[in-house]
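Text of final_4.cif, listed as mmCIF, N, CA and C atoms:
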```
data_query
loop_
_atom_site.label_atom_id
_atom_site.label_comp_id
_atom_site.auth_asym_id
_atom_site.auth_seq_id
_atom_site.Cartn_x
_atom_site.Cartn_y
_atom_site.Cartn_z
N MET A 1 -119.53 -76.02 110.44
CA MET A 1 -120.76 -75.25 110.53
C MET A 1 -121.69 -75.92 111.53
N LEU A 2 -122.22 -75.15 112.45
CA LEU A 2 -123.10 -75.68 113.47
C LEU A 2 -124.54 -75.44 113.08
N GLY A 3 -125.38 -76.44 113.29
CA GLY A 3 -126.80 -76.28 113.03
C GLY A 3 -127.49 -75.62 114.21
N ALA A 4 -128.73 -75.18 113.99
CA ALA A 4 -129.50 -74.57 115.07
C ALA A 4 -129.67 -75.58 116.19
N GLY A 5 -129.47 -75.13 117.40
CA GLY A 5 -129.64 -76.01 118.55
C GLY A 5 -128.46 -76.92 118.81
N THR A 6 -127.38 -76.79 118.02
CA THR A 6 -126.21 -77.63 118.20
C THR A 6 -125.24 -76.94 119.13
N ILE A 7 -124.78 -77.66 120.12
CA ILE A 7 -123.78 -77.14 121.05
C ILE A 7 -122.42 -77.57 120.54
N TRP A 8 -121.51 -76.62 120.40
CA TRP A 8 -120.17 -76.95 119.95
C TRP A 8 -119.45 -77.67 121.07
N VAL A 9 -118.96 -78.84 120.77
CA VAL A 9 -118.22 -79.63 121.75
C VAL A 9 -116.81 -79.77 121.23
N PRO A 10 -115.81 -79.50 122.05
CA PRO A 10 -114.45 -79.59 121.56
C PRO A 10 -114.12 -81.02 121.16
N PRO A 11 -113.27 -81.17 120.16
CA PRO A 11 -112.90 -82.50 119.69
C PRO A 11 -112.25 -83.32 120.79
N MET A 12 -112.54 -84.60 120.76
CA MET A 12 -111.92 -85.53 121.70
C MET A 12 -110.51 -85.84 121.21
N PRO A 13 -109.58 -85.95 122.11
CA PRO A 13 -108.22 -86.29 121.70
C PRO A 13 -108.07 -87.77 121.39
N GLU A 14 -107.43 -88.07 120.27
CA GLU A 14 -106.91 -89.40 119.93
C GLU A 14 -107.85 -90.58 120.11
N SER A 15 -109.11 -90.43 119.86
CA SER A 15 -110.00 -91.56 120.02
C SER A 15 -111.26 -91.32 119.22
N SER A 16 -112.20 -92.27 119.30
CA SER A 16 -113.48 -92.10 118.63
C SER A 16 -114.59 -92.38 119.64
N SER A 17 -115.85 -92.08 119.26
CA SER A 17 -116.92 -92.18 120.26
C SER A 17 -118.22 -92.68 119.66
N SER A 18 -119.06 -93.25 120.54
CA SER A 18 -120.40 -93.66 120.15
C SER A 18 -121.35 -92.50 120.41
N PRO A 19 -122.49 -92.49 119.73
CA PRO A 19 -123.44 -91.40 119.94
C PRO A 19 -123.93 -91.28 121.39
N ARG A 20 -124.12 -92.38 122.07
CA ARG A 20 -124.60 -92.32 123.45
C ARG A 20 -123.57 -91.72 124.39
N VAL A 21 -122.35 -92.11 124.22
CA VAL A 21 -121.30 -91.58 125.09
C VAL A 21 -121.08 -90.10 124.79
N GLN A 22 -121.14 -89.74 123.53
CA GLN A 22 -121.00 -88.32 123.18
C GLN A 22 -122.14 -87.50 123.78
N LEU A 23 -123.35 -88.06 123.79
CA LEU A 23 -124.48 -87.37 124.40
C LEU A 23 -124.23 -87.14 125.89
N VAL A 24 -123.72 -88.15 126.56
CA VAL A 24 -123.42 -88.02 127.99
C VAL A 24 -122.35 -86.96 128.19
N ARG A 25 -121.31 -87.00 127.37
CA ARG A 25 -120.23 -86.01 127.49
C ARG A 25 -120.77 -84.60 127.25
N SER A 26 -121.55 -84.44 126.18
CA SER A 26 -122.13 -83.13 125.87
C SER A 26 -123.01 -82.63 127.00
N SER A 27 -123.82 -83.53 127.56
CA SER A 27 -124.71 -83.14 128.65
C SER A 27 -123.91 -82.73 129.89
N LEU A 28 -122.89 -83.50 130.22
CA LEU A 28 -122.08 -83.15 131.39
C LEU A 28 -121.35 -81.83 131.19
N LEU A 29 -120.83 -81.62 130.00
CA LEU A 29 -120.16 -80.35 129.70
C LEU A 29 -121.15 -79.20 129.79
N PHE A 30 -122.35 -79.40 129.28
CA PHE A 30 -123.38 -78.37 129.34
C PHE A 30 -123.75 -78.06 130.79
N GLN A 31 -123.87 -79.08 131.63
CA GLN A 31 -124.18 -78.87 133.04
C GLN A 31 -123.08 -78.05 133.72
N LEU A 32 -121.84 -78.39 133.42
CA LEU A 32 -120.71 -77.65 133.96
C LEU A 32 -120.76 -76.18 133.52
N LYS A 33 -121.07 -75.98 132.25
CA LYS A 33 -121.17 -74.61 131.73
C LYS A 33 -122.33 -73.85 132.37
N LEU A 34 -123.45 -74.53 132.59
CA LEU A 34 -124.59 -73.89 133.26
C LEU A 34 -124.21 -73.44 134.67
N LEU A 35 -123.48 -74.29 135.38
CA LEU A 35 -123.03 -73.91 136.72
C LEU A 35 -122.10 -72.70 136.67
N ALA A 36 -121.16 -72.71 135.74
CA ALA A 36 -120.23 -71.59 135.61
C ALA A 36 -120.97 -70.31 135.23
N ASP A 37 -121.93 -70.42 134.32
CA ASP A 37 -122.70 -69.26 133.89
C ASP A 37 -123.55 -68.72 135.04
N GLY A 38 -124.14 -69.61 135.82
CA GLY A 38 -124.94 -69.18 136.96
C GLY A 38 -124.10 -68.48 138.02
N LEU A 39 -122.91 -69.03 138.28
CA LEU A 39 -122.01 -68.41 139.23
C LEU A 39 -121.58 -67.02 138.74
N ARG A 40 -121.29 -66.94 137.44
CA ARG A 40 -120.91 -65.64 136.87
C ARG A 40 -122.04 -64.64 137.05
N ASP A 41 -123.28 -65.04 136.73
CA ASP A 41 -124.42 -64.14 136.88
C ASP A 41 -124.61 -63.73 138.34
N PHE A 42 -124.45 -64.69 139.24
CA PHE A 42 -124.58 -64.42 140.67
C PHE A 42 -123.58 -63.34 141.11
N LEU A 43 -122.37 -63.40 140.57
CA LEU A 43 -121.34 -62.42 140.93
C LEU A 43 -121.53 -61.09 140.21
N LEU A 44 -122.05 -61.12 139.00
CA LEU A 44 -122.21 -59.88 138.24
C LEU A 44 -123.33 -58.99 138.78
N VAL A 45 -124.33 -59.57 139.42
CA VAL A 45 -125.43 -58.75 139.94
C VAL A 45 -124.90 -57.73 140.96
N PRO A 46 -124.24 -58.14 142.03
CA PRO A 46 -123.76 -57.11 142.97
C PRO A 46 -122.65 -56.24 142.38
N LEU A 47 -121.81 -56.82 141.52
CA LEU A 47 -120.76 -56.00 140.91
C LEU A 47 -121.35 -54.88 140.04
N SER A 48 -122.38 -55.21 139.27
CA SER A 48 -122.97 -54.18 138.42
C SER A 48 -123.68 -53.10 139.24
N LEU A 49 -124.32 -53.51 140.33
CA LEU A 49 -124.97 -52.53 141.20
C LEU A 49 -123.94 -51.64 141.89
N ALA A 50 -122.86 -52.25 142.36
CA ALA A 50 -121.79 -51.45 142.98
C ALA A 50 -121.16 -50.50 141.97
N ALA A 51 -120.93 -50.98 140.76
CA ALA A 51 -120.34 -50.13 139.72
C ALA A 51 -121.26 -48.96 139.39
N THR A 52 -122.55 -49.20 139.39
CA THR A 52 -123.51 -48.13 139.14
C THR A 52 -123.44 -47.08 140.26
N LEU A 53 -123.42 -47.53 141.50
CA LEU A 53 -123.36 -46.60 142.63
C LEU A 53 -122.05 -45.81 142.62
N VAL A 54 -120.95 -46.49 142.32
CA VAL A 54 -119.66 -45.80 142.25
C VAL A 54 -119.68 -44.76 141.14
N GLY A 55 -120.23 -45.13 139.99
CA GLY A 55 -120.32 -44.19 138.87
C GLY A 55 -121.17 -42.98 139.20
N LEU A 56 -122.27 -43.20 139.89
CA LEU A 56 -123.13 -42.08 140.28
C LEU A 56 -122.45 -41.17 141.30
N ALA A 57 -121.71 -41.74 142.23
CA ALA A 57 -121.07 -40.96 143.29
C ALA A 57 -119.76 -40.33 142.83
N ARG A 58 -119.07 -40.96 141.92
CA ARG A 58 -117.72 -40.56 141.56
C ARG A 58 -117.68 -39.32 140.67
N SER A 59 -118.37 -39.35 139.56
CA SER A 59 -118.12 -38.29 138.59
C SER A 59 -119.31 -38.08 137.68
N ALA A 60 -119.51 -36.83 137.32
CA ALA A 60 -120.54 -36.50 136.34
C ALA A 60 -119.96 -36.58 134.93
N ASP A 61 -118.62 -36.55 134.81
CA ASP A 61 -117.98 -36.57 133.50
C ASP A 61 -118.08 -37.93 132.81
N ASP A 62 -117.86 -39.00 133.55
CA ASP A 62 -117.87 -40.34 132.98
C ASP A 62 -118.47 -41.33 133.97
N PRO A 63 -119.76 -41.20 134.27
CA PRO A 63 -120.35 -42.04 135.30
C PRO A 63 -120.49 -43.51 134.90
N GLU A 64 -120.41 -43.80 133.61
CA GLU A 64 -120.61 -45.18 133.15
C GLU A 64 -119.34 -46.02 133.10
N ARG A 65 -118.21 -45.44 133.41
CA ARG A 65 -116.93 -46.13 133.26
C ARG A 65 -116.90 -47.47 133.99
N GLU A 66 -117.18 -47.48 135.27
CA GLU A 66 -117.13 -48.72 136.06
C GLU A 66 -118.17 -49.73 135.58
N PHE A 67 -119.37 -49.24 135.24
CA PHE A 67 -120.41 -50.13 134.76
C PHE A 67 -119.99 -50.79 133.44
N GLU A 68 -119.40 -50.03 132.55
CA GLU A 68 -118.91 -50.57 131.28
C GLU A 68 -117.82 -51.61 131.49
N GLN A 69 -117.00 -51.41 132.51
CA GLN A 69 -115.97 -52.40 132.83
C GLN A 69 -116.61 -53.72 133.27
N VAL A 70 -117.68 -53.64 134.06
CA VAL A 70 -118.39 -54.84 134.47
C VAL A 70 -119.00 -55.54 133.25
N LEU A 71 -119.57 -54.76 132.34
CA LEU A 71 -120.13 -55.34 131.12
C LEU A 71 -119.06 -56.05 130.29
N GLU A 72 -117.89 -55.46 130.24
CA GLU A 72 -116.79 -56.08 129.48
C GLU A 72 -116.36 -57.40 130.12
N VAL A 73 -116.31 -57.43 131.44
CA VAL A 73 -116.02 -58.69 132.14
C VAL A 73 -117.09 -59.72 131.80
N GLY A 74 -118.34 -59.30 131.77
CA GLY A 74 -119.44 -60.18 131.42
C GLY A 74 -119.29 -60.74 130.01
N ARG A 75 -118.92 -59.89 129.06
CA ARG A 75 -118.72 -60.34 127.67
C ARG A 75 -117.59 -61.35 127.57
N LYS A 76 -116.49 -61.05 128.25
CA LYS A 76 -115.34 -61.95 128.18
C LYS A 76 -115.65 -63.30 128.82
N THR A 77 -116.33 -63.29 129.96
CA THR A 77 -116.65 -64.56 130.61
C THR A 77 -117.71 -65.33 129.83
N GLU A 78 -118.60 -64.61 129.15
CA GLU A 78 -119.60 -65.28 128.30
C GLU A 78 -118.91 -66.04 127.17
N ARG A 79 -117.93 -65.40 126.56
CA ARG A 79 -117.19 -66.03 125.48
C ARG A 79 -116.37 -67.22 126.02
N TRP A 80 -115.79 -67.07 127.21
CA TRP A 80 -114.98 -68.14 127.79
C TRP A 80 -115.85 -69.34 128.14
N ILE A 81 -117.02 -69.10 128.75
CA ILE A 81 -117.92 -70.20 129.11
C ILE A 81 -118.50 -70.85 127.86
N ASN A 82 -118.88 -70.04 126.87
CA ASN A 82 -119.39 -70.54 125.59
C ASN A 82 -120.55 -71.51 125.81
N LEU A 83 -121.53 -71.06 126.57
CA LEU A 83 -122.63 -71.92 127.03
C LEU A 83 -123.33 -72.67 125.91
N PHE A 84 -123.71 -71.99 124.86
CA PHE A 84 -124.47 -72.63 123.79
C PHE A 84 -123.63 -72.90 122.54
N GLY A 85 -122.33 -72.76 122.67
CA GLY A 85 -121.45 -73.09 121.55
C GLY A 85 -121.45 -72.09 120.43
N GLY A 86 -121.89 -70.89 120.69
CA GLY A 86 -121.95 -69.86 119.65
C GLY A 86 -120.61 -69.20 119.35
N HIS A 87 -119.63 -69.44 120.19
CA HIS A 87 -118.32 -68.80 120.02
C HIS A 87 -117.27 -69.87 119.79
N GLU A 88 -116.92 -70.11 118.54
CA GLU A 88 -115.82 -71.04 118.28
C GLU A 88 -114.52 -70.33 118.66
N PRO A 89 -113.56 -71.08 119.16
CA PRO A 89 -112.30 -70.44 119.59
C PRO A 89 -111.64 -69.69 118.44
N ALA A 90 -111.25 -68.47 118.71
CA ALA A 90 -110.54 -67.66 117.73
C ALA A 90 -109.05 -67.89 117.86
N GLU A 91 -108.34 -67.67 116.78
CA GLU A 91 -106.89 -67.83 116.83
C GLU A 91 -106.30 -66.84 117.81
N GLY A 92 -105.39 -67.32 118.62
CA GLY A 92 -104.73 -66.46 119.59
C GLY A 92 -105.53 -66.21 120.85
N GLU A 93 -106.76 -66.73 120.91
CA GLU A 93 -107.60 -66.54 122.08
C GLU A 93 -107.12 -67.44 123.21
N THR A 94 -107.20 -66.93 124.43
CA THR A 94 -106.82 -67.77 125.56
C THR A 94 -107.78 -68.94 125.66
N ALA A 95 -107.38 -69.97 126.35
CA ALA A 95 -108.17 -71.19 126.47
C ALA A 95 -109.56 -70.87 127.02
N ASN A 96 -110.56 -71.52 126.44
CA ASN A 96 -111.92 -71.38 126.96
C ASN A 96 -112.30 -72.65 127.71
N MET A 97 -113.49 -72.71 128.21
CA MET A 97 -113.93 -73.84 129.00
C MET A 97 -113.88 -75.15 128.21
N ASP A 98 -114.27 -75.10 126.94
CA ASP A 98 -114.23 -76.29 126.09
C ASP A 98 -112.80 -76.83 125.97
N GLU A 99 -111.86 -75.94 125.77
CA GLU A 99 -110.47 -76.36 125.62
C GLU A 99 -109.92 -76.92 126.92
N LEU A 100 -110.33 -76.37 128.04
CA LEU A 100 -109.87 -76.88 129.33
C LEU A 100 -110.38 -78.31 129.57
N VAL A 101 -111.62 -78.58 129.17
CA VAL A 101 -112.16 -79.93 129.30
C VAL A 101 -111.35 -80.90 128.42
N THR A 102 -111.05 -80.48 127.20
CA THR A 102 -110.27 -81.32 126.30
C THR A 102 -108.88 -81.59 126.87
N ARG A 103 -108.27 -80.57 127.43
CA ARG A 103 -106.94 -80.76 128.06
C ARG A 103 -107.02 -81.75 129.22
N ALA A 104 -108.07 -81.63 130.02
CA ALA A 104 -108.24 -82.54 131.16
C ALA A 104 -108.40 -83.97 130.66
N GLU A 105 -109.16 -84.16 129.59
CA GLU A 105 -109.33 -85.50 129.02
C GLU A 105 -108.00 -86.05 128.52
N ARG A 106 -107.21 -85.20 127.88
CA ARG A 106 -105.89 -85.64 127.41
C ARG A 106 -105.00 -86.04 128.57
N MET A 107 -105.06 -85.27 129.66
CA MET A 107 -104.24 -85.55 130.82
C MET A 107 -104.63 -86.90 131.43
N VAL A 108 -105.93 -87.17 131.52
CA VAL A 108 -106.38 -88.45 132.06
C VAL A 108 -105.91 -89.59 131.15
N ARG A 109 -106.02 -89.40 129.84
CA ARG A 109 -105.55 -90.42 128.90
C ARG A 109 -104.06 -90.71 129.10
N GLU A 110 -103.30 -89.67 129.27
CA GLU A 110 -101.86 -89.84 129.45
C GLU A 110 -101.57 -90.60 130.74
N GLN A 111 -102.31 -90.29 131.79
CA GLN A 111 -102.14 -91.01 133.06
C GLN A 111 -102.46 -92.49 132.87
N VAL A 112 -103.49 -92.78 132.09
CA VAL A 112 -103.85 -94.17 131.81
C VAL A 112 -102.71 -94.86 131.06
N ARG A 113 -102.18 -94.18 130.04
CA ARG A 113 -101.09 -94.77 129.24
C ARG A 113 -99.84 -95.03 130.08
N GLN A 114 -99.59 -94.17 131.04
CA GLN A 114 -98.41 -94.32 131.88
C GLN A 114 -98.62 -95.32 133.01
N GLY A 115 -99.83 -95.82 133.13
CA GLY A 115 -100.11 -96.80 134.17
C GLY A 115 -100.38 -96.19 135.53
N ASN A 116 -100.71 -94.92 135.58
CA ASN A 116 -100.97 -94.26 136.85
C ASN A 116 -102.42 -94.36 137.29
N VAL A 117 -103.20 -95.16 136.57
CA VAL A 117 -104.61 -95.39 136.90
C VAL A 117 -104.80 -96.90 136.92
N SER A 118 -105.66 -97.41 137.80
CA SER A 118 -105.88 -98.85 137.87
C SER A 118 -106.32 -99.38 136.50
N ALA A 119 -106.05 -100.63 136.25
CA ALA A 119 -106.35 -101.22 134.95
C ALA A 119 -107.83 -101.13 134.61
N SER A 120 -108.70 -101.46 135.55
CA SER A 120 -110.14 -101.43 135.25
C SER A 120 -110.63 -100.00 135.03
N ALA A 121 -110.16 -99.07 135.85
CA ALA A 121 -110.54 -97.68 135.65
C ALA A 121 -109.98 -97.16 134.34
N GLY A 122 -108.75 -97.55 134.03
CA GLY A 122 -108.14 -97.14 132.77
C GLY A 122 -108.91 -97.66 131.57
N THR A 123 -109.32 -98.92 131.62
CA THR A 123 -110.09 -99.50 130.52
C THR A 123 -111.42 -98.78 130.36
N ALA A 124 -112.09 -98.52 131.47
CA ALA A 124 -113.38 -97.83 131.41
C ALA A 124 -113.21 -96.42 130.85
N LEU A 125 -112.19 -95.71 131.30
CA LEU A 125 -111.94 -94.37 130.78
C LEU A 125 -111.60 -94.40 129.30
N GLU A 126 -110.76 -95.33 128.90
CA GLU A 126 -110.36 -95.43 127.51
C GLU A 126 -111.56 -95.72 126.61
N GLN A 127 -112.43 -96.63 127.04
CA GLN A 127 -113.63 -96.94 126.26
C GLN A 127 -114.54 -95.72 126.17
N THR A 128 -114.66 -95.00 127.26
CA THR A 128 -115.49 -93.80 127.25
C THR A 128 -114.92 -92.76 126.30
N PHE A 129 -113.62 -92.53 126.39
CA PHE A 129 -113.01 -91.54 125.52
C PHE A 129 -113.06 -91.96 124.05
N GLU A 130 -112.88 -93.22 123.78
CA GLU A 130 -112.98 -93.71 122.40
C GLU A 130 -114.39 -93.48 121.87
N ALA A 131 -115.37 -93.75 122.69
CA ALA A 131 -116.75 -93.55 122.27
C ALA A 131 -117.04 -92.07 122.04
N LEU A 132 -116.52 -91.21 122.91
CA LEU A 132 -116.71 -89.77 122.73
C LEU A 132 -116.05 -89.27 121.45
N HIS A 133 -114.89 -89.74 121.16
CA HIS A 133 -114.17 -89.31 119.97
C HIS A 133 -114.90 -89.76 118.70
N ARG A 134 -115.40 -90.98 118.69
CA ARG A 134 -116.14 -91.49 117.54
C ARG A 134 -117.35 -90.59 117.26
N ARG A 135 -118.02 -90.16 118.33
CA ARG A 135 -119.19 -89.29 118.19
C ARG A 135 -118.79 -87.94 117.57
N ALA A 136 -117.68 -87.41 117.99
CA ALA A 136 -117.22 -86.15 117.43
C ALA A 136 -116.97 -86.29 115.94
N ARG A 137 -116.39 -87.40 115.51
CA ARG A 137 -116.17 -87.64 114.08
C ARG A 137 -117.49 -87.80 113.35
N ASP A 138 -118.42 -88.55 113.94
CA ASP A 138 -119.73 -88.77 113.32
C ASP A 138 -120.49 -87.47 113.11
N ASN A 139 -120.31 -86.53 114.01
CA ASN A 139 -121.00 -85.25 113.92
C ASN A 139 -120.24 -84.21 113.12
N GLY A 140 -119.12 -84.60 112.55
CA GLY A 140 -118.35 -83.67 111.74
C GLY A 140 -117.50 -82.70 112.54
N LEU A 141 -117.36 -82.94 113.84
CA LEU A 141 -116.54 -82.06 114.67
C LEU A 141 -115.05 -82.36 114.49
N LEU A 142 -114.76 -83.57 114.03
CA LEU A 142 -113.38 -83.97 113.73
C LEU A 142 -113.38 -84.57 112.33
N PRO A 143 -112.29 -84.41 111.62
CA PRO A 143 -112.23 -85.03 110.29
C PRO A 143 -112.11 -86.55 110.44
N ARG A 144 -112.71 -87.26 109.51
CA ARG A 144 -112.54 -88.71 109.48
C ARG A 144 -111.13 -89.01 108.99
N SER A 145 -110.61 -90.16 109.32
CA SER A 145 -109.22 -90.47 108.96
C SER A 145 -109.01 -90.41 107.45
N ASP A 146 -110.05 -90.72 106.63
CA ASP A 146 -109.89 -90.64 105.19
C ASP A 146 -110.01 -89.20 104.66
N ASP A 147 -110.46 -88.24 105.52
CA ASP A 147 -110.58 -86.83 105.13
C ASP A 147 -109.30 -86.06 105.37
N GLN A 148 -108.38 -86.62 106.11
CA GLN A 148 -107.19 -85.86 106.54
C GLN A 148 -106.19 -85.71 105.45
#
```

Render the structure in this file as C-alpha coordinates.
Amino acid sequence: MLGAGTIWVPPMPESSSSPRVQLVRSSLLFQLKLLADGLRDFLLVPLSLAATLVGLARSADDPEREFEQVLEVGRKTERWINLFGGHEPAEGETANMDELVTRAERMVREQVRQGNVSASAGTALEQTFEALHRRARDNGLLPRSDDQ
(Lines of atoms letter the chains of each structure in order from A and count residues from 1; the text may use other names and numbers.)
(Lines give C-alpha, C1' and ligand atoms only; values in the text may rest on other atoms or scores of the structure.)
Protein backbone atom coordinates (compact mmCIF):
# COMPACT_ATOMS: atom_id res chain seq x y z
CA MET A 1 0.00 0.00 0.00
CA LEU A 2 1.39 3.38 -0.99
CA GLY A 3 0.90 6.46 1.14
CA ALA A 4 -0.04 9.86 -0.23
CA GLY A 5 2.93 11.46 -1.93
CA THR A 6 4.80 8.15 -2.14
CA ILE A 7 6.36 7.27 -5.47
CA TRP A 8 6.38 3.56 -6.20
CA VAL A 9 9.94 2.48 -6.82
CA PRO A 10 10.60 -0.97 -8.21
CA PRO A 11 12.37 -3.34 -5.84
CA MET A 12 16.13 -3.49 -6.03
CA PRO A 13 17.53 -6.83 -7.09
CA GLU A 14 19.48 -8.96 -4.60
CA SER A 15 20.68 -6.27 -2.24
CA SER A 16 19.70 -3.81 0.46
CA SER A 17 19.89 -0.02 0.68
CA SER A 18 20.35 2.97 2.96
CA PRO A 19 17.73 5.72 3.08
CA ARG A 20 20.06 8.27 1.47
CA VAL A 21 20.97 6.08 -1.45
CA GLN A 22 17.34 5.14 -1.97
CA LEU A 23 16.46 8.85 -2.01
CA VAL A 24 19.06 9.46 -4.69
CA ARG A 25 17.79 6.50 -6.71
CA SER A 26 14.17 7.62 -6.36
CA SER A 27 15.08 11.16 -7.36
CA LEU A 28 17.04 10.03 -10.41
CA LEU A 29 14.24 7.72 -11.48
CA PHE A 30 11.73 10.54 -11.03
CA GLN A 31 13.89 12.87 -13.15
CA LEU A 32 14.07 10.25 -15.88
CA LYS A 33 10.29 9.83 -15.73
CA LEU A 34 9.77 13.60 -15.89
CA LEU A 35 11.90 13.75 -19.04
CA ALA A 36 9.97 10.88 -20.62
CA ASP A 37 6.64 12.44 -19.66
CA GLY A 38 7.69 15.82 -21.07
CA LEU A 39 8.82 14.25 -24.32
CA ARG A 40 5.53 12.37 -24.55
CA ASP A 41 3.55 15.59 -23.99
CA PHE A 42 5.70 17.40 -26.55
CA LEU A 43 4.85 14.72 -29.14
CA LEU A 44 1.17 14.44 -28.22
CA VAL A 45 0.44 18.14 -28.81
CA PRO A 46 0.98 18.08 -32.60
CA LEU A 47 -0.39 14.53 -32.89
CA SER A 48 -3.64 15.50 -31.19
CA LEU A 49 -3.99 18.61 -33.35
CA ALA A 50 -3.32 16.63 -36.51
CA ALA A 51 -5.80 13.95 -35.43
CA THR A 52 -8.42 16.63 -34.85
CA LEU A 53 -7.86 18.12 -38.31
CA VAL A 54 -7.96 14.69 -39.95
CA GLY A 55 -11.17 13.87 -38.09
CA LEU A 56 -12.79 17.12 -39.17
CA ALA A 57 -11.74 16.68 -42.82
CA ARG A 58 -12.28 12.94 -43.10
CA SER A 59 -15.78 12.09 -42.02
CA ALA A 60 -18.92 13.35 -40.39
CA ASP A 61 -19.80 9.79 -39.29
CA ASP A 62 -16.90 9.26 -36.87
CA PRO A 63 -14.81 12.42 -36.65
CA GLU A 64 -13.35 11.54 -33.24
CA ARG A 65 -11.75 8.23 -34.26
CA GLU A 66 -8.20 9.53 -34.80
CA PHE A 67 -8.36 11.80 -31.77
CA GLU A 68 -9.48 8.89 -29.56
CA GLN A 69 -6.55 6.86 -30.86
CA VAL A 70 -4.17 9.61 -29.75
CA LEU A 71 -5.84 9.65 -26.33
CA GLU A 72 -5.38 5.90 -26.05
CA VAL A 73 -1.68 6.25 -26.87
CA GLY A 74 -1.52 8.91 -24.16
CA ARG A 75 -3.17 6.60 -21.60
CA LYS A 76 -0.86 3.71 -22.44
CA THR A 77 2.29 5.82 -22.25
CA GLU A 78 1.09 7.40 -18.99
CA ARG A 79 0.76 3.94 -17.47
CA TRP A 80 4.15 2.89 -18.88
CA ILE A 81 5.94 5.99 -17.54
CA ASN A 82 4.11 5.72 -14.19
CA LEU A 83 5.33 9.18 -13.20
CA PHE A 84 3.88 9.35 -9.69
CA GLY A 85 3.73 5.64 -9.00
CA GLY A 86 -0.03 5.40 -9.19
CA HIS A 87 0.02 2.38 -11.49
CA GLU A 88 1.50 -0.74 -9.97
CA PRO A 89 2.41 -3.28 -12.66
CA ALA A 90 -0.50 -5.53 -13.53
CA GLU A 91 -0.07 -9.21 -14.23
CA GLY A 92 0.66 -9.84 -17.87
CA GLU A 93 1.41 -6.16 -18.52
CA THR A 94 4.39 -5.38 -20.69
CA ALA A 95 7.42 -3.95 -18.93
CA ASN A 96 7.06 -0.39 -17.71
CA MET A 97 9.75 2.18 -17.04
CA ASP A 98 10.22 1.03 -13.44
CA GLU A 99 10.81 -2.55 -14.54
CA LEU A 100 13.28 -1.47 -17.21
CA VAL A 101 15.33 0.41 -14.60
CA THR A 102 15.33 -2.69 -12.38
CA ARG A 103 16.46 -4.85 -15.30
CA ALA A 104 19.27 -2.41 -16.08
CA GLU A 105 20.40 -2.54 -12.45
CA ARG A 106 20.40 -6.34 -12.56
CA MET A 107 22.43 -6.29 -15.76
CA VAL A 108 25.04 -3.99 -14.22
CA ARG A 109 25.22 -6.24 -11.15
CA GLU A 110 25.78 -9.26 -13.34
CA GLN A 111 28.55 -7.46 -15.22
CA VAL A 112 30.19 -6.66 -11.89
CA ARG A 113 29.93 -10.30 -10.77
CA GLN A 114 31.47 -11.51 -14.02
CA GLY A 115 34.36 -9.09 -13.65
CA ASN A 116 33.45 -7.00 -16.68
CA VAL A 117 33.67 -3.79 -14.65
CA SER A 118 36.78 -2.40 -12.94
CA ALA A 119 37.15 -3.41 -9.30
CA SER A 120 36.70 0.10 -7.90
CA ALA A 121 33.70 0.84 -10.11
CA GLY A 122 32.26 -2.56 -9.24
CA THR A 123 32.67 -1.94 -5.52
CA ALA A 124 31.06 1.49 -5.78
CA LEU A 125 28.16 0.11 -7.81
CA GLU A 126 27.68 -2.83 -5.45
CA GLN A 127 27.62 -0.54 -2.40
CA THR A 128 25.13 1.73 -4.12
CA PHE A 129 22.87 -1.14 -5.08
CA GLU A 130 23.07 -2.66 -1.61
CA ALA A 131 22.10 0.66 -0.11
CA LEU A 132 19.20 1.03 -2.54
CA HIS A 133 17.92 -2.45 -1.78
CA ARG A 134 18.08 -1.88 1.98
CA ARG A 135 15.95 1.25 1.50
CA ALA A 136 13.35 -0.68 -0.45
CA ARG A 137 13.09 -3.19 2.41
CA ASP A 138 12.90 -0.41 5.01
CA ASN A 139 10.02 1.19 3.12
CA GLY A 140 8.13 -2.07 2.80
CA LEU A 141 8.67 -2.30 -0.96
CA LEU A 142 10.43 -5.64 -0.47
CA PRO A 143 9.78 -8.26 2.18
CA ARG A 144 12.36 -8.53 4.92
CA SER A 145 14.25 -11.83 4.96
CA ASP A 146 12.30 -12.92 8.08
CA ASP A 147 8.96 -12.12 6.29
CA GLN A 148 9.58 -14.47 3.38

Check what the PyMOL selection byres (((chain A and resi 51 and name CA) around 12) and name CA) selects in the file above and give those residues as a ChimeraX atom specification.
/A:44-50,52-58,63-71

Between atom CA of A:Thr128 and atom N of A:Leu23 - distance in Å to one decimal:
10.3 Å

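From atom CA of A:Ile81 back to atom CA of A:Asn96, the distance works out to 6.5 Å.
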
Computed interatomic separation between atom C of A:Ser59 and atom CA of A:Asp41 (Å)
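Atom CA of A:Asp41 lies 26.6 Å from atom C of A:Ser59.
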
Residues near A:Thr77, anyone? I mean within 12 Å using only C-alpha atoms, not counting same-chain ones fewer than 3 positions away, as a ChimeraX atom specification.
/A:33,36-41,43-44,70-74,80-83,87,94-97

Mind checking DSSP for stretch 9-124 of chain A and telling me the alpha helix (DSSP H) residues as a PyMOL selection string?
chain A and resi 19-58+65-81+97-113+119-124
